[in-house]
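J.: Contents of structure-v2.csv (CSV, C-alpha atoms and all ligand atoms) are below:
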chain,number,residue,atom,x,y,z
A,1,MET,CA,2.8,28.4,27.1
A,2,SER,CA,1.3,27.6,23.7
A,3,VAL,CA,2.6,24.8,21.6
A,4,ARG,CA,2.8,25.3,17.8
A,5,VAL,CA,1.7,22.4,15.8
A,6,PRO,CA,3.5,22.3,12.5
A,7,SER,CA,1.2,22.4,9.5
A,8,MET,CA,1.6,20.3,6.4
A,9,SER,CA,2.9,23.3,4.6
A,10,VAL,CA,6.0,23.4,6.7
A,11,LEU,CA,7.0,19.9,5.9
A,12,PRO,CA,10.2,19.6,3.9
A,13,PRO,CA,9.7,18.8,0.2
A,14,VAL,CA,9.3,15.1,-0.7
A,15,ARG,CA,12.7,13.4,-1.4
A,16,ARG,CA,13.6,13.4,-5.0
A,17,ASP,CA,13.8,9.6,-5.0
A,18,ARG,CA,10.2,9.3,-3.8
A,19,ILE,CA,8.7,11.0,-6.8
A,20,ILE,CA,6.4,8.7,-8.9
A,21,ALA,CA,5.5,10.0,-12.4
A,22,GLN,CA,4.7,6.7,-14.1
A,23,LEU,CA,2.8,3.6,-12.8
A,24,PRO,CA,5.4,1.1,-11.7
A,25,GLN,CA,4.8,-2.3,-13.2
A,26,PHE,CA,3.8,-5.5,-11.6
A,27,TYR,CA,6.2,-8.3,-10.9
A,28,SER,CA,4.2,-11.2,-12.4
A,29,LYS,CA,1.4,-10.7,-14.9
A,30,LYS,CA,-0.3,-13.8,-13.5
A,31,ALA,CA,-0.6,-12.4,-10.0
A,32,ALA,CA,-1.1,-8.6,-10.2
A,33,VAL,CA,-3.7,-6.3,-8.8
A,34,HIS,CA,-4.0,-5.0,-12.3
A,35,THR,CA,-1.9,-5.2,-15.4
A,36,LYS,CA,-2.5,-1.7,-16.9
A,37,ASP,CA,0.6,0.1,-18.2
A,38,GLU,CA,-0.5,3.5,-16.9
A,39,PHE,CA,-2.4,5.2,-14.2
A,40,ASN,CA,-6.2,5.4,-14.7
A,41,SER,CA,-6.9,8.3,-17.0
A,42,LYS,CA,-9.5,9.8,-14.6
A,43,VAL,CA,-6.9,9.8,-11.9
A,44,LYS,CA,-4.3,11.5,-14.2
A,45,THR,CA,-6.8,14.2,-15.2
A,46,ALA,CA,-7.9,14.8,-11.6
A,47,CYS,CA,-4.2,15.2,-10.6
A,48,GLN,CA,-3.5,17.6,-13.4
A,49,GLU,CA,-6.6,19.7,-12.4
A,50,GLN,CA,-5.9,19.4,-8.7
A,51,ARG,CA,-9.2,17.7,-8.0
A,52,THR,CA,-8.0,14.9,-5.7
A,53,GLY,CA,-10.1,15.9,-2.7
A,54,THR,CA,-8.6,14.8,0.6
A,55,VAL,CA,-5.8,13.0,-1.2
A,56,GLY,CA,-2.9,15.4,-1.3
A,57,ARG,CA,-3.9,17.3,1.8
A,58,PHE,CA,-3.9,14.8,4.7
A,59,LYS,CA,-4.5,11.4,3.1
A,60,ILE,CA,-2.3,8.7,4.6
A,61,ALA,CA,-2.7,5.1,3.5
A,62,LYS,CA,-2.1,2.5,6.3
A,63,VAL,CA,-0.1,-0.5,5.2
A,64,ILE,CA,0.2,-3.5,7.5
A,65,VAL,CA,3.1,-6.0,7.1
A,66,VAL,CA,2.3,-9.5,8.5
A,67,GLY,CA,3.9,-12.9,8.4
A,68,ASP,CA,5.8,-15.6,10.3
A,69,LEU,CA,8.6,-14.7,12.7
A,70,ALA,CA,12.0,-14.0,11.1
A,71,VAL,CA,10.7,-14.0,7.5
A,72,GLY,CA,12.2,-10.5,7.1
A,73,LYS,CA,9.4,-8.0,7.6
A,74,THR,CA,11.5,-5.5,9.6
A,75,CYS,CA,14.5,-5.9,7.3
A,76,LEU,CA,12.2,-5.2,4.3
A,77,ILE,CA,10.9,-1.9,5.8
A,78,ASN,CA,14.3,-0.9,7.0
A,79,ARG,CA,15.9,-1.5,3.5
A,80,PHE,CA,13.3,0.8,1.9
A,81,CYS,CA,13.0,3.5,4.6
A,82,LYS,CA,16.6,3.7,5.9
A,83,ASP,CA,18.5,1.9,3.2
A,84,ALA,CA,19.9,-0.3,6.0
A,85,PHE,CA,20.2,-4.1,6.5
A,86,ASP,CA,20.9,-5.8,9.8
A,87,LYS,CA,22.0,-9.5,9.6
A,88,ASN,CA,21.3,-10.0,13.3
A,89,TYR,CA,17.7,-11.0,14.1
A,90,LYS,CA,15.9,-8.8,16.6
A,91,ALA,CA,12.3,-9.8,17.1
A,92,THR,CA,9.8,-7.1,16.8
A,93,ILE,CA,7.9,-6.8,20.0
A,94,GLY,CA,4.3,-5.9,19.2
A,95,VAL,CA,4.5,-3.3,16.4
A,96,ASP,CA,6.6,-0.6,15.0
A,97,PHE,CA,5.9,1.9,12.3
A,98,GLU,CA,7.5,4.2,9.7
A,99,MET,CA,6.1,7.0,7.6
A,100,GLU,CA,7.1,7.4,4.0
A,101,ARG,CA,6.2,10.4,2.0
A,102,PHE,CA,5.8,10.3,-1.8
A,103,GLU,CA,4.7,12.5,-4.6
A,104,VAL,CA,2.5,10.7,-7.0
A,105,LEU,CA,1.6,12.5,-10.3
A,106,GLY,CA,2.5,15.7,-8.5
A,107,VAL,CA,0.3,15.1,-5.5
A,108,PRO,CA,1.7,14.4,-2.0
A,109,PHE,CA,0.8,11.0,-0.6
A,110,SER,CA,2.0,9.1,2.5
A,111,LEU,CA,2.3,5.5,3.5
A,112,GLN,CA,2.2,4.6,7.1
A,113,LEU,CA,4.0,1.3,7.2
A,114,TRP,CA,3.1,-0.9,10.2
A,115,ASP,CA,5.7,-3.6,11.0
A,116,THR,CA,4.1,-6.3,13.1
A,117,ALA,CA,5.5,-9.1,15.2
A,118,GLY,CA,5.5,-12.6,13.8
A,119,GLN,CA,6.1,-14.3,17.2
A,120,GLU,CA,3.1,-16.0,18.5
A,121,ARG,CA,3.4,-14.4,22.0
A,122,PHE,CA,3.2,-10.8,20.5
A,123,LYS,CA,0.5,-11.6,17.9
A,124,CYS,CA,-2.3,-10.5,20.2
A,125,ILE,CA,-0.8,-7.0,20.7
A,126,ALA,CA,0.1,-6.7,17.0
A,127,SER,CA,-3.4,-7.7,15.7
A,128,THR,CA,-4.9,-4.7,17.6
A,129,TYR,CA,-3.2,-2.5,15.0
A,130,TYR,CA,-4.6,-4.2,12.0
A,131,ARG,CA,-7.7,-2.1,11.7
A,132,GLY,CA,-8.0,0.5,9.0
A,133,ALA,CA,-5.5,-1.0,6.7
A,134,GLN,CA,-5.7,-0.1,3.0
A,135,THR,CA,-2.9,-2.5,2.1
A,136,ILE,CA,-2.1,-5.8,3.6
A,137,VAL,CA,1.4,-7.2,2.9
A,138,ILE,CA,1.8,-10.9,3.7
A,139,VAL,CA,5.4,-11.8,3.9
A,140,PHE,CA,7.0,-15.3,3.6
A,141,ASP,CA,10.5,-16.6,3.2
A,142,VAL,CA,11.2,-18.2,-0.2
A,143,ASN,CA,13.5,-20.7,1.6
A,144,ASP,CA,10.8,-21.8,4.1
A,145,VAL,CA,7.8,-23.5,2.6
A,146,ALA,CA,6.0,-23.5,6.0
A,147,SER,CA,6.0,-19.7,6.1
A,148,LEU,CA,4.1,-19.7,2.7
A,149,GLY,CA,1.7,-22.3,4.2
A,150,HIS,CA,0.9,-19.9,7.0
A,151,ALA,CA,0.1,-17.0,4.6
A,152,ARG,CA,-3.6,-17.9,4.5
A,153,GLN,CA,-3.9,-17.7,8.2
A,154,TRP,CA,-2.2,-14.3,8.4
A,155,LEU,CA,-4.5,-13.1,5.7
A,156,GLU,CA,-7.6,-14.4,7.6
A,157,ASP,CA,-6.5,-12.7,10.8
A,158,ALA,CA,-5.8,-9.4,9.0
A,159,LEU,CA,-9.1,-9.4,7.2
A,160,LYS,CA,-11.0,-9.9,10.5
A,161,GLU,CA,-10.2,-6.3,11.2
A,162,ASN,CA,-10.7,-4.9,7.7
A,163,ASP,CA,-13.2,-4.8,4.9
A,164,PRO,CA,-12.0,-7.4,2.3
A,165,THR,CA,-13.5,-5.4,-0.6
A,166,ASN,CA,-11.5,-2.3,0.3
A,167,VAL,CA,-8.0,-3.6,0.8
A,168,GLN,CA,-5.2,-4.3,-1.6
A,169,LEU,CA,-3.3,-7.5,-1.0
A,170,PHE,CA,0.4,-8.3,-1.6
A,171,LEU,CA,2.1,-11.7,-1.2
A,172,VAL,CA,5.8,-11.2,-0.9
A,173,GLY,CA,8.6,-13.7,-0.9
A,174,THR,CA,11.8,-12.5,0.8
A,175,LYS,CA,15.5,-13.6,1.0
A,176,LYS,CA,15.8,-14.4,-2.6
A,177,ASP,CA,19.5,-14.0,-2.3
A,178,LEU,CA,19.6,-17.3,-0.2
A,179,SER,CA,17.7,-19.4,-2.7
A,180,SER,CA,19.0,-21.4,-5.7
A,181,PRO,CA,17.1,-20.9,-9.0
A,182,ALA,CA,15.7,-24.5,-8.8
A,183,GLN,CA,14.5,-24.2,-5.2
A,184,TYR,CA,13.1,-20.8,-5.9
A,185,SER,CA,11.1,-21.7,-9.0
A,186,GLN,CA,9.3,-24.5,-7.1
A,187,ILE,CA,8.1,-22.3,-4.3
A,188,GLU,CA,7.3,-19.5,-6.7
A,189,GLN,CA,4.8,-21.7,-8.5
A,190,ASP,CA,3.0,-22.4,-5.3
A,191,ALA,CA,3.1,-18.7,-4.2
A,192,ILE,CA,1.7,-17.5,-7.6
A,193,GLU,CA,-1.1,-20.0,-7.3
A,194,LEU,CA,-1.9,-18.8,-3.8
A,195,ALA,CA,-1.7,-15.2,-4.9
A,196,GLU,CA,-4.1,-15.8,-7.8
A,197,GLU,CA,-6.5,-17.5,-5.5
A,198,ILE,CA,-6.5,-14.8,-2.7
A,199,LYS,CA,-6.3,-12.0,-5.3
A,200,ALA,CA,-3.0,-10.7,-4.1
A,201,GLU,CA,-0.2,-9.2,-6.1
A,202,TYR,CA,2.9,-11.4,-5.9
A,203,TRP,CA,6.4,-10.1,-5.5
A,204,VAL,CA,9.8,-11.6,-4.7
A,205,LEU,CA,12.7,-9.6,-3.4
A,206,SER,CA,15.8,-9.5,-1.2
A,207,SER,CA,16.4,-6.9,1.6
A,208,LEU,CA,20.1,-7.9,1.7
A,209,THR,CA,20.8,-7.0,-1.9
A,210,GLY,CA,17.9,-4.5,-2.2
A,211,GLU,CA,16.6,-6.3,-5.4
A,212,ASN,CA,13.0,-5.2,-6.1
A,213,VAL,CA,12.5,-3.5,-2.8
A,214,ARG,CA,12.1,0.0,-4.1
A,215,GLU,CA,10.0,-1.2,-7.1
A,216,PHE,CA,7.7,-3.0,-4.6
A,217,PHE,CA,7.0,-0.1,-2.3
A,218,PHE,CA,6.6,2.2,-5.3
A,219,ARG,CA,4.0,-0.2,-6.6
A,220,ILE,CA,2.2,-0.2,-3.2
A,221,ALA,CA,2.2,3.6,-3.0
A,222,SER,CA,0.9,4.0,-6.6
A,223,LEU,CA,-1.9,1.5,-6.3
A,224,ALA,CA,-3.0,2.8,-3.0
A,225,PHE,CA,-2.9,6.4,-4.4
A,226,GLU,CA,-4.9,5.4,-7.5
A,227,ALA,CA,-7.5,3.7,-5.4
A,228,ASN,CA,-7.8,6.6,-3.1
A,229,VAL,CA,-8.2,9.2,-5.8
A,230,LEU,CA,-10.8,7.0,-7.6
A,231,ALA,CA,-12.7,6.8,-4.3
A,232,GLU,CA,-12.6,10.6,-3.9
A,233,LEU,CA,-13.9,11.1,-7.5
A,234,GLU,CA,-16.7,8.6,-6.8
A,235,LYS,CA,-17.6,10.4,-3.6
A,236,SER,CA,-17.7,13.8,-5.3
A,237,GLY,CA,-19.6,12.3,-8.2
A,238,SER,CA,-22.3,10.9,-6.0
A,239,ARG,CA,-22.6,14.1,-4.1
A,240,HIS,CA,-23.2,16.1,-7.3
A,241,ILE,CA,-25.8,13.7,-8.7
A,242,GLY,CA,-28.3,14.5,-5.9
A,243,ASP,CA,-27.2,18.1,-5.7
A,244,VAL,CA,-29.9,20.8,-6.1
A,245,ILE,CA,-29.3,24.5,-6.7
A,246,LYS,CA,-31.9,27.0,-5.8
A,247,ILE,CA,-31.9,29.1,-9.0
A,248,ASN,CA,-34.4,31.7,-7.8
A,249,SER,CA,-34.7,32.4,-4.2
A,250,ASN,CA,-38.0,34.0,-4.6
A,251,SER,CA,-39.6,31.1,-6.3
A,252,ASN,CA,-39.8,27.4,-5.7
A,253,VAL,CA,-37.8,26.5,-8.7
A,254,TYR,CA,-34.9,24.1,-8.0
A,255,ALA,CA,-32.8,22.4,-10.6
A,256,THR,CA,-30.3,19.7,-10.6
A,257,SER,CA,-26.8,21.0,-11.3
A,258,LYS,CA,-26.2,19.6,-14.7
A,259,LYS,CA,-22.9,21.5,-14.9
A,260,LYS,CA,-21.6,19.8,-11.8
A,261,GLN,CA,-22.7,16.4,-13.0
A,262,SER,CA,-20.9,16.8,-16.3
A,263,ASN,CA,-17.7,18.1,-14.6
A,264,CYS,CA,-17.2,15.2,-12.3
A,265,CYS,CA,-15.2,12.1,-12.9
A,266,GLN,CA,-14.0,13.1,-16.3
B,301,LIG,N1,20.0,-13.2,3.5
B,301,LIG,C1,19.0,-12.5,3.9
B,301,LIG,N2,18.6,-12.5,5.2
B,301,LIG,C2,17.5,-11.7,5.5
B,301,LIG,C3,16.8,-11.0,4.5
B,301,LIG,N3,15.7,-10.4,5.1
B,301,LIG,C4,15.9,-10.7,6.4
B,301,LIG,N4,17.0,-11.5,6.7
B,301,LIG,C5,17.4,-12.0,8.0
B,301,LIG,O1,16.4,-12.7,8.6
B,301,LIG,C6,16.3,-12.5,10.0
B,301,LIG,C7,15.0,-12.0,10.4
B,301,LIG,O2,14.7,-10.8,9.8
B,301,LIG,P1,13.6,-9.8,10.5
B,301,LIG,O3,13.4,-8.7,9.4
B,301,LIG,O4,14.0,-9.3,11.8
B,301,LIG,O5,12.3,-10.7,10.6
B,301,LIG,P2,10.9,-10.3,11.0
B,301,LIG,O6,9.9,-10.9,10.0
B,301,LIG,O7,10.7,-8.9,11.2
B,301,LIG,O8,10.7,-11.1,12.4
B,301,LIG,P3,9.7,-10.8,13.6
B,301,LIG,O9,9.9,-9.3,14.0
B,301,LIG,O10,10.1,-11.7,14.7
B,301,LIG,O11,8.3,-11.1,13.2
B,301,LIG,C8,17.5,-11.5,10.3
B,301,LIG,O12,18.6,-12.2,10.7
B,301,LIG,C9,17.7,-10.8,8.9
B,301,LIG,O13,19.1,-10.4,8.8
B,301,LIG,C10,17.2,-11.1,3.1
B,301,LIG,O14,16.6,-10.6,2.2
B,301,LIG,N5,18.3,-11.9,2.9
B,302,MG,MG,10.4,-7.8,12.9
What does this structure look like when you write it as structure tokens?
T.:
Amino acid sequence: MSVRVPSMSVLPPVRRDRIIAQLPQFYSKKAAVHTKDEFNSKVKTACQEQRTGTVGRFKIAKVIVVGDLAVGKTCLINRFCKDAFDKNYKATIGVDFEMERFEVLGVPFSLQLWDTAGQERFKCIASTYYRGAQTIVIVFDVNDVASLGHARQWLEDALKENDPTNVQLFLVGTKKDLSSPAQYSQIEQDAIELAEEIKAEYWVLSSLTGENVREFFFRIASLAFEANVLAELEKSGSRHIGDVIKINSNSNVYATSKKKQSNCCQ
């Protein structure tokens, strides 16, 4: 008996509330991956001209979510993916993952969200799933200074499995709803300082109320998408530079394809 594997073309359309047409803005200017108002112009043009290479066909960005136990990693993912919130704590055992499909500038793009265990005894299993991440989200609880103190260690562990120059980092404070403004502003100062130092983008949110959750994931998806398209353009650009075309098969005349060179990365 043959098994039919569904192709990408039979996937249902992307949900209307997962369509991104504008670059979502950062949370804090002091700690942002970048502070531009719009998507990179090369990326916008490539999307309009459908020159996004593997992005749009089968590109999936892997996102790993790490941090101390009970800081709210699972609740954060569930709020975004299922619009649900569970007030009872159920520790994640090892890892779990969710797929989220988006459409960015008219191009399909997916995030694979890996929810990892914060408990020490499951850390070993969880860390085997860190490899190949394009985005690392380090979560801490804004009501728990120790969880922010451990952020650096989580980052170090996640980077052991990944190329630091090729990942986007986010430092995220959760449970804002439980914090008073005075308490919160103190820890925020420290968090922004750390984010600046490790070159992470800083966010604060609440999975209970949903504040900033959607904005945060839209920002992750957009920045990962932008980086992926730029990498595709760079790849195709470098291929074209060394490209030679045999212009006369009967002679030994070869020429560099000027046309291809001038078409790429515009
Ligand atoms: N008030 C409030 N509680 C939250 C929020 N996010 C999570 N919680 C609670 O914090 C507890 C832990 O949340 P989880 O999401 O399970 O924590 P986790 O980081 O996944 O924990 P591990 O899987 O053990 O690593 C649960 O009781 C949640 O209900 C939030 O934004 N506000
Ligand atoms: Mg969990």
J.: If you take all atoms listed in the file and a cut-off of 9 Å, which residues of chain A touch ligand LIG 301 (chain B), and what are their nearest atom pairs and distances in Å to one decimal, in chain and number order, as JSON lines?
T.:
{"residue": "A:Val65", "atom": "CA", "partner": "B:LIG301", "partner_atom": "O6", "distance": 8.9}
{"residue": "A:Val66", "atom": "CA", "partner": "B:LIG301", "partner_atom": "O11", "distance": 7.8}
{"residue": "A:Gly67", "atom": "CA", "partner": "B:LIG301", "partner_atom": "O6", "distance": 6.5}
{"residue": "A:Asp68", "atom": "CA", "partner": "B:LIG301", "partner_atom": "O11", "distance": 5.9}
{"residue": "A:Leu69", "atom": "CA", "partner": "B:LIG301", "partner_atom": "O11", "distance": 3.6}
{"residue": "A:Ala70", "atom": "CA", "partner": "B:LIG301", "partner_atom": "O5", "distance": 3.4}
{"residue": "A:Val71", "atom": "CA", "partner": "B:LIG301", "partner_atom": "O6", "distance": 4.1}
{"residue": "A:Gly72", "atom": "CA", "partner": "B:LIG301", "partner_atom": "O3", "distance": 3.2}
{"residue": "A:Lys73", "atom": "CA", "partner": "B:LIG301", "partner_atom": "O6", "distance": 3.8}
{"residue": "A:Thr74", "atom": "CA", "partner": "B:LIG301", "partner_atom": "O3", "distance": 3.7}
{"residue": "A:Cys75", "atom": "CA", "partner": "B:LIG301", "partner_atom": "O3", "distance": 3.7}
{"residue": "A:Leu76", "atom": "CA", "partner": "B:LIG301", "partner_atom": "O3", "distance": 6.3}
{"residue": "A:Ile77", "atom": "CA", "partner": "B:LIG301", "partner_atom": "O3", "distance": 8.1}
{"residue": "A:Asn78", "atom": "CA", "partner": "B:LIG301", "partner_atom": "O3", "distance": 8.2}
{"residue": "A:Phe85", "atom": "CA", "partner": "B:LIG301", "partner_atom": "O13", "distance": 6.8}
{"residue": "A:Asp86", "atom": "CA", "partner": "B:LIG301", "partner_atom": "O13", "distance": 5.0}
{"residue": "A:Lys87", "atom": "CA", "partner": "B:LIG301", "partner_atom": "O13", "distance": 3.1}
{"residue": "A:Asn88", "atom": "CA", "partner": "B:LIG301", "partner_atom": "O12", "distance": 4.3}
{"residue": "A:Tyr89", "atom": "CA", "partner": "B:LIG301", "partner_atom": "O12", "distance": 3.7}
{"residue": "A:Lys90", "atom": "CA", "partner": "B:LIG301", "partner_atom": "O4", "distance": 5.2}
{"residue": "A:Ala91", "atom": "CA", "partner": "B:LIG301", "partner_atom": "O10", "distance": 3.8}
{"residue": "A:Thr92", "atom": "CA", "partner": "B:LIG301", "partner_atom": "O9", "distance": 3.6}
{"residue": "A:Ile93", "atom": "CA", "partner": "B:LIG301", "partner_atom": "O9", "distance": 6.8}
{"residue": "A:Gly94", "atom": "CA", "partner": "B:LIG301", "partner_atom": "O9", "distance": 8.4}
{"residue": "A:Val95", "atom": "CA", "partner": "B:LIG301", "partner_atom": "O9", "distance": 8.4}
{"residue": "A:Asp115", "atom": "CA", "partner": "B:LIG301", "partner_atom": "O7", "distance": 7.3}
{"residue": "A:Thr116", "atom": "CA", "partner": "B:LIG301", "partner_atom": "O11", "distance": 6.4}
{"residue": "A:Ala117", "atom": "CA", "partner": "B:LIG301", "partner_atom": "O11", "distance": 4.0}
{"residue": "A:Gly118", "atom": "CA", "partner": "B:LIG301", "partner_atom": "O11", "distance": 3.2}
{"residue": "A:Gln119", "atom": "CA", "partner": "B:LIG301", "partner_atom": "O10", "distance": 5.4}
{"residue": "A:Glu120", "atom": "CA", "partner": "B:LIG301", "partner_atom": "O11", "distance": 8.9}
{"residue": "A:Phe122", "atom": "CA", "partner": "B:LIG301", "partner_atom": "O11", "distance": 8.9}
{"residue": "A:Val139", "atom": "CA", "partner": "B:LIG301", "partner_atom": "O6", "distance": 7.6}
{"residue": "A:Phe140", "atom": "CA", "partner": "B:LIG301", "partner_atom": "O6", "distance": 8.3}
{"residue": "A:Asp141", "atom": "CA", "partner": "B:LIG301", "partner_atom": "N3", "distance": 8.3}
{"residue": "A:Thr174", "atom": "CA", "partner": "B:LIG301", "partner_atom": "O14", "distance": 5.3}
{"residue": "A:Lys175", "atom": "CA", "partner": "B:LIG301", "partner_atom": "O14", "distance": 3.4}
{"residue": "A:Lys176", "atom": "CA", "partner": "B:LIG301", "partner_atom": "O14", "distance": 6.2}
{"residue": "A:Asp177", "atom": "CA", "partner": "B:LIG301", "partner_atom": "N5", "distance": 5.7}
{"residue": "A:Leu178", "atom": "CA", "partner": "B:LIG301", "partner_atom": "N1", "distance": 5.5}
{"residue": "A:Leu205", "atom": "CA", "partner": "B:LIG301", "partner_atom": "O14", "distance": 6.9}
{"residue": "A:Ser206", "atom": "CA", "partner": "B:LIG301", "partner_atom": "O14", "distance": 3.7}
{"residue": "A:Ser207", "atom": "CA", "partner": "B:LIG301", "partner_atom": "O14", "distance": 3.8}
{"residue": "A:Leu208", "atom": "CA", "partner": "B:LIG301", "partner_atom": "O14", "distance": 4.4}
{"residue": "A:Thr209", "atom": "CA", "partner": "B:LIG301", "partner_atom": "O14", "distance": 6.9}
{"residue": "A:Gly210", "atom": "CA", "partner": "B:LIG301", "partner_atom": "O14", "distance": 7.6}
{"residue": "A:Glu211", "atom": "CA", "partner": "B:LIG301", "partner_atom": "O14", "distance": 8.7}
J.: Would you mind reading off the distance between CA of Phe216 in chain A and CA of Gln48 in chain A, one decimal, in Å?
T.: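 CA of Phe216 in chain A sits 25.0 Å away from CA of Gln48 in chain A.
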J.: For range 179-193 of chain A, work out the shell of residues within 8 Å, counting all atoms listed in the file and skipping chain neighbours fewer than 2 positions away, then give it as a PyMOL selection string.
T.: chain A and resi 30-31+142-143+145+148+171+175-177+195-197+202
J.: Grab the CA of Gln168 in chain A to CA of Phe217 in chain A distance for me, in Å with one decimal place.
T.: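 Atom-to-atom, CA of Gln168 in chain A and CA of Phe217 in chain A are spaced 12.9 Å apart.
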J.: Which of these residues is nearest to ligand MG 302 (chain B), using only C-alpha atoms and all ligand atoms: A:Asp17, A:Tyr27, A:His34, A:Ala126?
T.: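 Among the listed residues, A:Ala126 lies closest to ligand MG 302 (chain B).
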J.: CA of Ile138 in chain A to CA of Leu155 in chain A: how many Å, to one decimal?
T.: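 CA of Ile138 in chain A sits 7.0 Å away from CA of Leu155 in chain A.
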J.: Which one is closest to Phe218 in chain A: A:Lys235, A:Arg131, A:His150, A:Arg18? Count only C-alpha atoms.
T.: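 Using only C-alpha atoms, Phe218 in chain A sits closest to A:Arg18.
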J.: Kindly indicate which residue among A:Val55, A:Ala158, A:Ile198, A:Ala146 lies nearest to Phe102 in chain A, using all atoms listed in the file for the distances.
T.: A:Val55
J.: Using only C-alpha atoms and all ligand atoms, which of A:Trp114, A:Phe170, A:Trp154, A:Phe109 sits nearest ligand MG 302 (chain B)?
T.: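 The shortest atom-to-atom distance to ligand MG 302 (chain B) comes from A:Trp114.
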J.: Tell me which residues come within 12 Å of (1.0, -4.2, -13.1), as a PyMOL selection string, counting all atoms listed in the file in the file's coordinates.
T.: chain A and resi 22-39+200-203+215-216+218-220+222-223
J.: Within 10 Å of Asn40 in chain A, counting all atoms listed in the file, which residues qualify if same-chain residues fewer than 6 places away don't, as a PDB file with C-alpha atoms, keeping the file's coordinate frame?
T.:
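Contents of the output file result_9.pdb:
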ATOM      1  CA  LEU A  23       2.800   3.600 -12.800  1.00  0.00           C
ATOM      2  CA  GLU A 226      -4.900   5.400  -7.500  1.00  0.00           C
ATOM      3  CA  ALA A 227      -7.500   3.700  -5.400  1.00  0.00           C
ATOM      4  CA  VAL A 229      -8.200   9.200  -5.800  1.00  0.00           C
ATOM      5  CA  LEU A 230     -10.800   7.000  -7.600  1.00  0.00           C
TER       6      LEU A 230
END
J.: Just give me the residues with any atom within 9 Å of (-3.9, 15.0, -10.8), file coordinates, counting all atoms listed in the file, written as a JSON list (two decimals) with C-alpha atoms, keeping the file's coordinate frame.
T.:
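New file part29.json:
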[["chain", "number", "residue", "atom", "x", "y", "z"],
["A", 42, "LYS", "CA", -9.50, 9.80, -14.60],
["A", 43, "VAL", "CA", -6.90, 9.80, -11.90],
["A", 44, "LYS", "CA", -4.30, 11.50, -14.20],
["A", 45, "THR", "CA", -6.80, 14.20, -15.20],
["A", 46, "ALA", "CA", -7.90, 14.80, -11.60],
["A", 47, "CYS", "CA", -4.20, 15.20, -10.60],
["A", 48, "GLN", "CA", -3.50, 17.60, -13.40],
["A", 49, "GLU", "CA", -6.60, 19.70, -12.40],
["A", 50, "GLN", "CA", -5.90, 19.40, -8.70],
["A", 51, "ARG", "CA", -9.20, 17.70, -8.00],
["A", 52, "THR", "CA", -8.00, 14.90, -5.70],
["A", 104, "VAL", "CA", 2.50, 10.70, -7.00],
["A", 105, "LEU", "CA", 1.60, 12.50, -10.30],
["A", 106, "GLY", "CA", 2.50, 15.70, -8.50],
["A", 107, "VAL", "CA", 0.30, 15.10, -5.50],
["A", 229, "VAL", "CA", -8.20, 9.20, -5.80]]
